[in-house]
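Q: Structure in structure tokens, see below.
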Amino acid sequence: MRRLTFPRGGIVPPDRKHQTGRALLWNAAIPRTSIVPLLQHSGEPAIACVSRMDRVREGMLVGRAASSRSANVHAPIPGVVREIRPVVLPGGISCDAVVIDMDGEFDLLGKRAEVRDWQSCDRRTLSRLIAEHGVVDMDGSRLPMPLSYGRMDHRRCDTLILNGCESEPYLSGDHRTMVEQVSSVLTGLEIVSRVTRPSRIVIAVESNKPDAISALRTAVRSSGLESHVVRLRVRYPQGDERQLVKAVTGREIPSGGVAADVGCMTLGVTTARAVYEAVVLGIPLIERVVTVAGRAIAEEANVKVRIGTPVGDLIEECGGFRKTPMKVVMGGPMTGHTVTDLRTPITKGTRAVLALTAGEIRGARTLPCIQCGRCVTSCPMGLDPTRLYKLIEHGDLRRAASEGLQDCTECGACGYICPSRIPLVRQLRQAKIRHGDGGSGE
Amino acid sequence: MWIVTLCLLPGAGWGVYLYGTRAALVLAAAILSAVVFEAAAARLASRVTLRDGSAVLCGLLIGMSLSPAVPLFIPVVASAFAMFVVKWSFGGLGGNWMNPALAGRVFVAFSWPGAMTTWPAPRTLDLVDGLAGATPLSLVKATAPERAQAPIAVLRDAGYPVSAFDTEVTSWLNVNVLGRAGVNLPTGYVDLFVGNVAGSIGEASALLLLAGTIFLFARRIITWHVPAAFFVTFAVCTRVFGGLTAGLGLFEGDVLFSVLTGGFVLASFYMATDPVTSPLTGGGMLIYGSVAGIIAFVLRAYGQFPESVALAIILVNAVVPLIDRLCRPRRFGHREVRHGS
Amino acid sequence: MVRDLTRGIFRENVIFVTLIGLCPALAVTTHVINAIGLGAGVLIVLVASNVSVSLLGRIVAPRIQYPVFLGVSALFVTIVDLTMQAHLPGLSERLGIFVPLIAVNCAVLARADVFARQVVPARALLDGLGFGVGFLLSLTLIALIREVLGSGTVTLVAFGDFDGVFAVPRMSDNPARVMVLAPGALLTVGYLVALFSRFRQGPVGHAAGAEDQA
Amino acid sequence: MSYVGIILTFVLVNNLVLTYLLGVCPVMGASRRIGSSIGLGLATTLVMATGALLTWALRTWILAPLGLLFLQTLVFVLAILALGHYMERLVEAVAPALHRSVGKYLPIVSTNCVVLGIAFVAARADFGPIESLIAGFSGGVGVLGVMVVVAAIREELETEAVPRALRGMPVAFLTTGLLALALLAFDQVFLQNLVG
């Protein structure tokens with residue numbers, strides 16, 4: 001059978017997942033200090049509801065959602081609020097963070113959670129539970145969950161897609177989650193489908209994860225969830241919502257629109273699991289799976305880690321640096337951001353921490369553009385990155401915008417493929433922000 | 001760029017073997033002056049660019065496209081024109097819209113047509129002296145159409161030598177390979193293919209040039225689109241109409257002869273594929289190659305200058321921005337292609 | 001008044017600065033003598049039409065001024081053309097259609113329209129003289145460069161046994177023929193315009209509006 | 001000369017812009033954007049075709065019988081000026097949409113040397129009415145082609161690191177110059193070989 005994929009552009013970089021994709025997930029140690037930013041998604045920050053020297057319990061609300069574009073934030077560890085200070089997150093967003101020093105007892109860790117009979121809950125209850133526990137879309141749009149599916153309210157959702165592509169190199173957290181915790185993922189999916197009531201559910205996984213596919217197929221059959229698992233061709237950026245919807249349904253999300261505009265909703269694997277924990281076990285979103293990889297890391301692994309753990313602590317957990325890293329990246333190699341401060345905390349949206357050696361990063365020397373056109377061929381959005389880049393360099397943002405600047409999803413395919421190593425993505429990303437619409441045009 | 005240069009070296013080396021030190025001198029003059037002029041121009045623009053290798057490549061291509069008999073000021077002027085006028089006046093590597101090496105060559109070809117079409121006798125593989133004063137193509141073009149002969153027969157009649165090597169290989173081919181398909185290859189083509197003929201320094205050996213392209217394809221420095229489109233349209237046109245100018249009928253053109261002469265291989269694989277001056281997308285490249293093929297054929301058949309391929313390419317270079325506009329991919333999430341603003 | 005005269009020669013040189021009236025500058029500058037011949041023709045027409053326009057400017061209704069100016073310049077061009085045909089048949093033949101084309105030379109029309117119709121005849125005369133001389137000098141410069149590079153010669157007026165052609169030593173052996181062909185003209189003017197703008201330190205290409213009138 | 005010969009002559013071999021160097025001003029001035037260059041080019045083509053025909057008629061039916069051929073320049077200039085003027089009015093009345101894109105350029109091009117140039121060229125070659133029309137039209141197509149090609153190249157060059165002194169007009173000249181160099185490929189010999 002021809003494996004589904006999106007029609008144009010895209011690249012197939014070496015995936016570098018072999019190490020972490022086979023190893024079991026393990027739990028990181030609890031950090032002594034947790035730095036919990038009040039904005040961990042795109043939208044508005046939560047309002048702190050604790051103050052300095054307050055004692056917090058594990059899983060206690062520390063930041064209350066300010067609006068529907070905001071999400072609750074909980075204390076990942078029990079302890080004392082040392083301070084509330086501004087932090088700069090990767091990507092240059094700054095917000096206040098609650099800094100908690102560990103102290104006191106763990107209420108959730110190691111305790112047997114009480115299982116809620118979610119089947120008897122109605123839509124509104126489920127939706128409220130998801131929101132209360134601070135679940136955000138941890139993979140795609142990074143919007144608070146209720147908003148993410150709230151867009152479906154007035155439209156008919158006909159397809160719910162579980163996004164198990166994980167097409168970006170290095171990342172394998174979703175892969176391990178699908179293999180090891182397949183039933184919680186499926187339950188999370190089922191809960192979301194209860195809320196959005198789609199007419200069909202598709203589980204999309206790239207064909208380089210056969211063990212995940214077979215685990216999902218078995219679990220689907222035994223759980224009786226009405227859905228089918230499709231294998232997609234390995235191709236980056238298939239995990240991007242636009243490409244995924246196109247690959248699975250053939251529908252094209254209009255420029256500036258969202259999946260809901262074409263009756264679809266995508267759900268990330270990590271998010272599905274968080275939904276499960278929130279609704280069924282009543283555990284707020286205080287930890288997530290992070291891939292720690294790169295040649296400079298002593299022990300590459302997928303680790304379940306508390307939100308707010310400083311990156312440095314996490315790297316120590318994995319044996320520290322084996323070599324001097326050229327740079328440390330939070331997020332995937334294509335879409336992530338370089339961090340310079342190892343005290344930067346893990347947030348709900350941190351999919352990976354990569355410590356890359358010089359050999360893994362393509363040379364920094366930029367050569368003149370020779371108009372080879374590879375970036376045009378690789379752009380899944382049908383843009384002409386080199387032309388946009390030149391227009392931006394030339395200071396003509398207006399023209400760049402008319403040629404599709406805001407359609408750029410910052411997938412990084414063009415920059416990856418560029419033989420002259422021109423920092424296309426960085427430039428386009430900055431120009432998008434400067435042009436005003438801000439963010440990814442959502 | 002360095003890799004392309006490397007891939008060209010066997011072909012250039014063969015030229016030096018055929019014509020001796022004189023050819024080496026022309027190549028050296030072209031490369032050296034290209035590098036010097038590039039350095040000077042880059043200095044004026046306060047940029048450092050020698051490391052990208054484009055100057056060396058450009059000089060090499062200029063040298064390879066010249067006759068070994070040209071006075072040495074010709075490669076120097078060609079390099080100067082290429083570097084200053086064609087390349088740096090438009091902003092250096094990436095800014096130029098016309099292939100600098102070809103434009104340099106065309107400039108000197110139109111300026112000194114006499115010197116550019118003087119061909120010394122090459123030292124061929126089995127030391128049979130080639131015919132001085134004409135390349136196979138110019139010889140064939142010079143014959144009047146009323147003789148109504150295939151090009152290879154024209155060469156025979158003009159006393160163009162056939163090497164023993166050619167005779168042997170051709171007969172082996174005829175017996176063992178082509179004979180089974182019922183084809184009988186006349187002698188002469190093998191000489192053209194391996195480069196036992198007169199011509200510009202770098203165009204003689206199609207074999208060595210093609211060998212170099214294997215590496216180019218393997219490293220994905222060039223794609224198949226341009227050479228394939230170029231070849232197909234040129235071959236089809238030659239087959240269908242190519243016989244007419246020789247006094248033959250429709251469908252009697254000699255494709256093999258046409259593509260093995262006049263620097264076709266050099267131009268289609270190494271010059272037309274220059275990324276800077278060719279379109280961005282695969283579709284665009286197909287259009288570009290096809291148009292270049294048609295123009296190359298028309299100019300070769302009816303033009304004054306047998307080396308029409310270079311002219312065809314720079315002519316099509318001019319419409320590349322239009323082709324790019326035409327072949328702009330459809331933007332995701334938009335219903336139709338938006339043509340500019 | 002002095003500025004009326006000098007302005008056209010360098011600071012507002014029609015060819016290199018305002019970039020109008022280019023076509024003859026490009027086409028006829030294969031030989032120095034052609035450039036001088038056409039330059040002189042333009043000079044005469046420019047002066048004559050400037051003065052006439054200055055006189056007519058007040059009488060003719062604005063609505064029909066443009067056609068009238070055009071007619072005036074065409075009239076003088078006809079006179080120059082016929083005179084040239086009669087007395088300099090060789091030159092006239094070489095310049096071909098470019099003599100009658102002076103009639104629509106943007107330089108002539110632009111001066112009439114922009115300047116001459118608003119001022120007294122004396123100033124119009126000086127202005128015409130200045131711009132005419134500027135035009136003549138520019139053409140000669142272009143022709144000198146092109147002929148030396150492209151033919152290796154400098155062709156001036158023939159008299160007696162002398163055919164008027166000076167050969168430039170060394171250049172005449174292997175001249176770059178392209179320079180006397182069309183590409184040579186465009187390239188030469190391109191670089192000269194750049195050079196002029198560099199000396200003037202001013203912006204180049206502000207003549208877009210004027211060109212639309214062309 | 002055959003009709004095909006005339007077309008090839010004025011589009012390629014003797015392209016008015018790239019060989020005769022006529023109409024360089026509009027090419028330089030209008031070729032900043034493809035859109036305006038197409039409009040101007042079409043207007044030029046229109047005026048050139050009708051202008052060549054009109055001047056043929058004036059020559060054959062009025063000037064020659066009256067022995068006034070020496071007034072040719074004056075008559076042609078004024079006739080073509082009027083032609084452009086009235087054609088614009090006609091276009092405006094008949095097709096306002098066309099007026100916005102093409103028609104508004106008609107009066108501008110009517111005093112252009114390329115339009116008058118083709119009239120003189122046709123007069124000197126003693127072209128008949130059909131030949132004049134074809135010459136005017138194909139000459140216009142040649143001009144249009146150059147305008148569009150140069151405009152497309154210049155649009156790309158806008159974002160390139162062209163040396164400061166060369167930006168704007170000089171680089172437009174160089175572009176046109178290189179185009180003329182390439183077009184040298186089509187010469188008289190080529191024309192003779194192709195159409196005899």
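By convention here, the chains of the structure tokens are called A, B, ... in the order presented, each chain's residues are numbered starting at 1, and ligands are numbered starting at 1 in the order presented.
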Within 8 Å of range 312-314 of chain A, counting only C-alpha atoms, which residues qualify if same-chain residues fewer than 4 places away don't, as a list in words?

A: Ala28, Pro31, Val305, Cys318, Leu342, Arg343 and Thr344 of chain A

Q: Please find the residues of chain D near chain A - the criterion being any atom within 12 Å, counting only C-alpha atoms - and write them as number ranges by chain.

A: D: 155-162

Q: As a PyMOL selection string, which residues of range 4-198 of chain C does DSSP assign to helix (DSSP H, G or I)?

A: chain C and resi 4-6+22-27+32-56+62-87+89-98+100-104+106-114+116-118+121-150+177-180+182-198

Q: With the cut-off set at 8 Å and counting only C-alpha atoms, tabulate each residue of chain D with an atom at most that distance from an atom of chain B, showing the nearest atom pair and its distance in Å to one decimal, ordered by chain and increasing number, as CSV.

A:
```
residue,atom,partner,partner_atom,distance
D:Val149,CA,B:Val319,CA,6.0
D:Val150,CA,B:Ala318,CA,8.0
D:Ala152,CA,B:Pro321,CA,5.6
D:Ile153,CA,B:Pro321,CA,5.9
D:Glu156,CA,B:Pro321,CA,7.1
D:Leu157,CA,B:Gly95,CA,6.9
D:Glu160,CA,B:Gly95,CA,5.5
D:Ala161,CA,B:Gly91,CA,4.5
D:Val162,CA,B:Gly91,CA,4.0
D:Pro163,CA,B:Gly91,CA,6.1
D:Leu166,CA,B:Ser89,CA,7.1
D:Val171,CA,B:Phe90,CA,7.2
D:Leu174,CA,B:Val85,CA,7.8
D:Leu178,CA,B:Val86,CA,7.8
D:Leu179,CA,B:Ala318,CA,6.9
D:Leu181,CA,B:Phe107,CA,7.3
D:Ala182,CA,B:Leu315,CA,5.5
D:Leu183,CA,B:Leu315,CA,7.0
D:Ala185,CA,B:Leu311,CA,6.4
D:Phe186,CA,B:Gly303,CA,7.0
D:Asp187,CA,B:Gly303,CA,7.6
D:Val189,CA,B:Gln304,CA,6.0
D:Phe190,CA,B:Gly303,CA,4.4
D:Leu191,CA,B:Tyr302,CA,7.8
D:Asn193,CA,B:Tyr302,CA,5.4
D:Leu194,CA,B:Tyr302,CA,5.8
```

Q: Write out as a PyMOL selection string the residues lying within 8 Å of Cys95 in chain A, counting only C-alpha atoms and excluding same-chain residues fewer than 5 positions away.

A: chain A and resi 37-39+45+86-89

Q: Can you pull out the residues contacting Ile294 in chain B? Cut-off 9 Å, using only C-alpha atoms, and skip same-chain residues under 3 positions away; I want them as a count of residues only.

A: 11

Q: Would you mind listing, for every residue of chain A within 10 Å of chain B, the two atoms forming the shortest contact and the distance between them in Å to one decimal, using only C-alpha atoms, sorted by chain and ascending residue number, as CSV?

A:
```
residue,atom,partner,partner_atom,distance
A:Arg8,CA,B:Phe332,CA,9.2
A:Gly9,CA,B:Pro329,CA,9.9
A:Arg242,CA,B:Phe332,CA,8.8
A:Gln243,CA,B:Phe332,CA,9.4
A:Lys246,CA,B:Phe332,CA,9.9
A:Arg251,CA,B:Gly333,CA,9.3
A:Glu252,CA,B:Gly333,CA,5.6
A:Ile253,CA,B:Gly333,CA,5.5
A:Pro254,CA,B:Gly333,CA,3.9
A:Ser255,CA,B:Gly333,CA,4.5
A:Gly256,CA,B:Gly333,CA,8.1
A:Gly257,CA,B:Gly333,CA,8.4
A:Leu367,CA,B:Asp52,CA,7.6
A:Pro368,CA,B:Gly94,CA,6.4
A:Cys369,CA,B:Gly94,CA,5.5
A:Ile370,CA,B:Gly94,CA,4.5
A:Gln371,CA,B:Val276,CA,4.9
A:Cys372,CA,B:Pro275,CA,4.7
A:Gly373,CA,B:Leu280,CA,4.0
A:Arg374,CA,B:Leu280,CA,7.4
A:Cys375,CA,B:Leu280,CA,8.8
A:Val376,CA,B:Thr281,CA,6.9
A:Thr377,CA,B:Thr281,CA,6.3
A:Cys379,CA,B:Pro329,CA,9.5
A:Pro380,CA,B:Phe332,CA,7.4
A:Met381,CA,B:Phe332,CA,4.6
A:Gly382,CA,B:Arg331,CA,4.3
A:Leu383,CA,B:Arg331,CA,6.1
A:Asp384,CA,B:Arg328,CA,7.9
A:Thr386,CA,B:Leu280,CA,10.0
A:Arg399,CA,B:Ser341,CA,7.8
A:Ser402,CA,B:Ser341,CA,7.2
A:Glu403,CA,B:Gly340,CA,7.2
A:Gly404,CA,B:Arg331,CA,7.8
A:Asp407,CA,B:Phe332,CA,7.9
A:Cys408,CA,B:Phe332,CA,9.7
A:Pro419,CA,B:Ile221,CA,9.6
A:Ser420,CA,B:Asp52,CA,9.8
```

Q: Report, in Å with one decimal, the straight-line distance from CA of Gly71 in chain C to CA of Ala103 in chain C.

A: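 Spanning CA of Gly71 in chain C to CA of Ala103 in chain C is a straight-line distance of 8.4 Å.
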
Q: Got a sec: who's within 12 Å of range 217-220 of chain A, counting only C-alpha atoms, leaving out chain neighbours fewer than 6 positions off, as a count of residues only?

A: 25

Q: Considering only C-alpha atoms, state which residue in the set D:Val94, D:Ala64, D:Ile130, D:Leu71 is at the smallest distance from chain C.

A: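 Smallest separation from chain C among the options: D:Leu71.
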
Q: Restricting the calculation to only C-alpha atoms: of A:Val12, A:Leu244, A:Ala358, A:Ile315, which residue gets closest to Arg295 in chain A?

A: A:Ala358

Q: Figure out the distance between CA of Gly128 in chain C and CA of Phe76 in chain C, please, to one decimal in Å.

A: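 Separation between CA of Phe76 in chain C and CA of Gly128 in chain C: 13.8 Å.
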
Q: Compile the contact shell of Leu82 in chain C as a compact mmCIF listing (two decimals) with C-alpha atoms, in the first residue's frame: residues with an atom at most 12 Å away, counting only C-alpha atoms, same-chain residues fewer than 2 positions apart removed.

A:
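Listing of around-v3.txt after writing:
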```
# COMPACT_ATOMS: atom_id res chain seq x y z
CA GLY C 41 22.44 68.85 -35.20
CA LEU C 75 10.35 72.03 -38.54
CA PHE C 76 13.90 72.84 -37.48
CA VAL C 77 14.86 69.22 -37.74
CA THR C 78 13.60 69.17 -41.30
CA ILE C 79 15.75 72.19 -42.07
CA VAL C 80 18.83 70.63 -40.49
CA MET C 84 22.87 68.05 -44.11
CA GLN C 85 21.66 65.98 -47.04
CA ALA C 86 22.70 68.76 -49.36
CA HIS C 87 26.11 69.62 -47.95
CA LEU C 88 27.26 66.56 -45.99
CA PRO C 89 25.71 63.64 -47.87
CA SER C 92 23.77 62.26 -43.50
CA GLU C 93 23.78 58.75 -44.90
CA VAL C 99 18.61 62.95 -37.93
CA PRO C 100 14.83 63.07 -38.41
CA LEU D 69 8.08 64.29 -49.12
CA PHE D 70 10.63 66.64 -47.59
CA LEU D 71 8.03 67.51 -44.96
CA GLN D 72 7.87 63.87 -43.96
CA THR D 73 9.41 64.37 -40.52
```

Q: Near Gly20 in chain B, counting only C-alpha atoms, which residues have an atom at most 12 Å away, once you skip same-chain residues fewer than 6 positions from it, shown as a list in words?

A: Ala12, Gly13, Trp14, Val26, Leu27, Pro68, Ala69, Pro120, Ala121, Pro122, Arg123, Thr124 and Ile201 of chain B

Q: What residues in chain C lie within 12 Å of chain B, counting only C-alpha atoms, written as a ChimeraX atom specification?

A: /C:149-151,173-184,186-188,190-191,194

Q: In Å, how far is it from CA of Ala29 in chain A to CA of Thr347 in chain A?

A: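 CA of Thr347 in chain A lies at a distance of 16.3 Å from CA of Ala29 in chain A.
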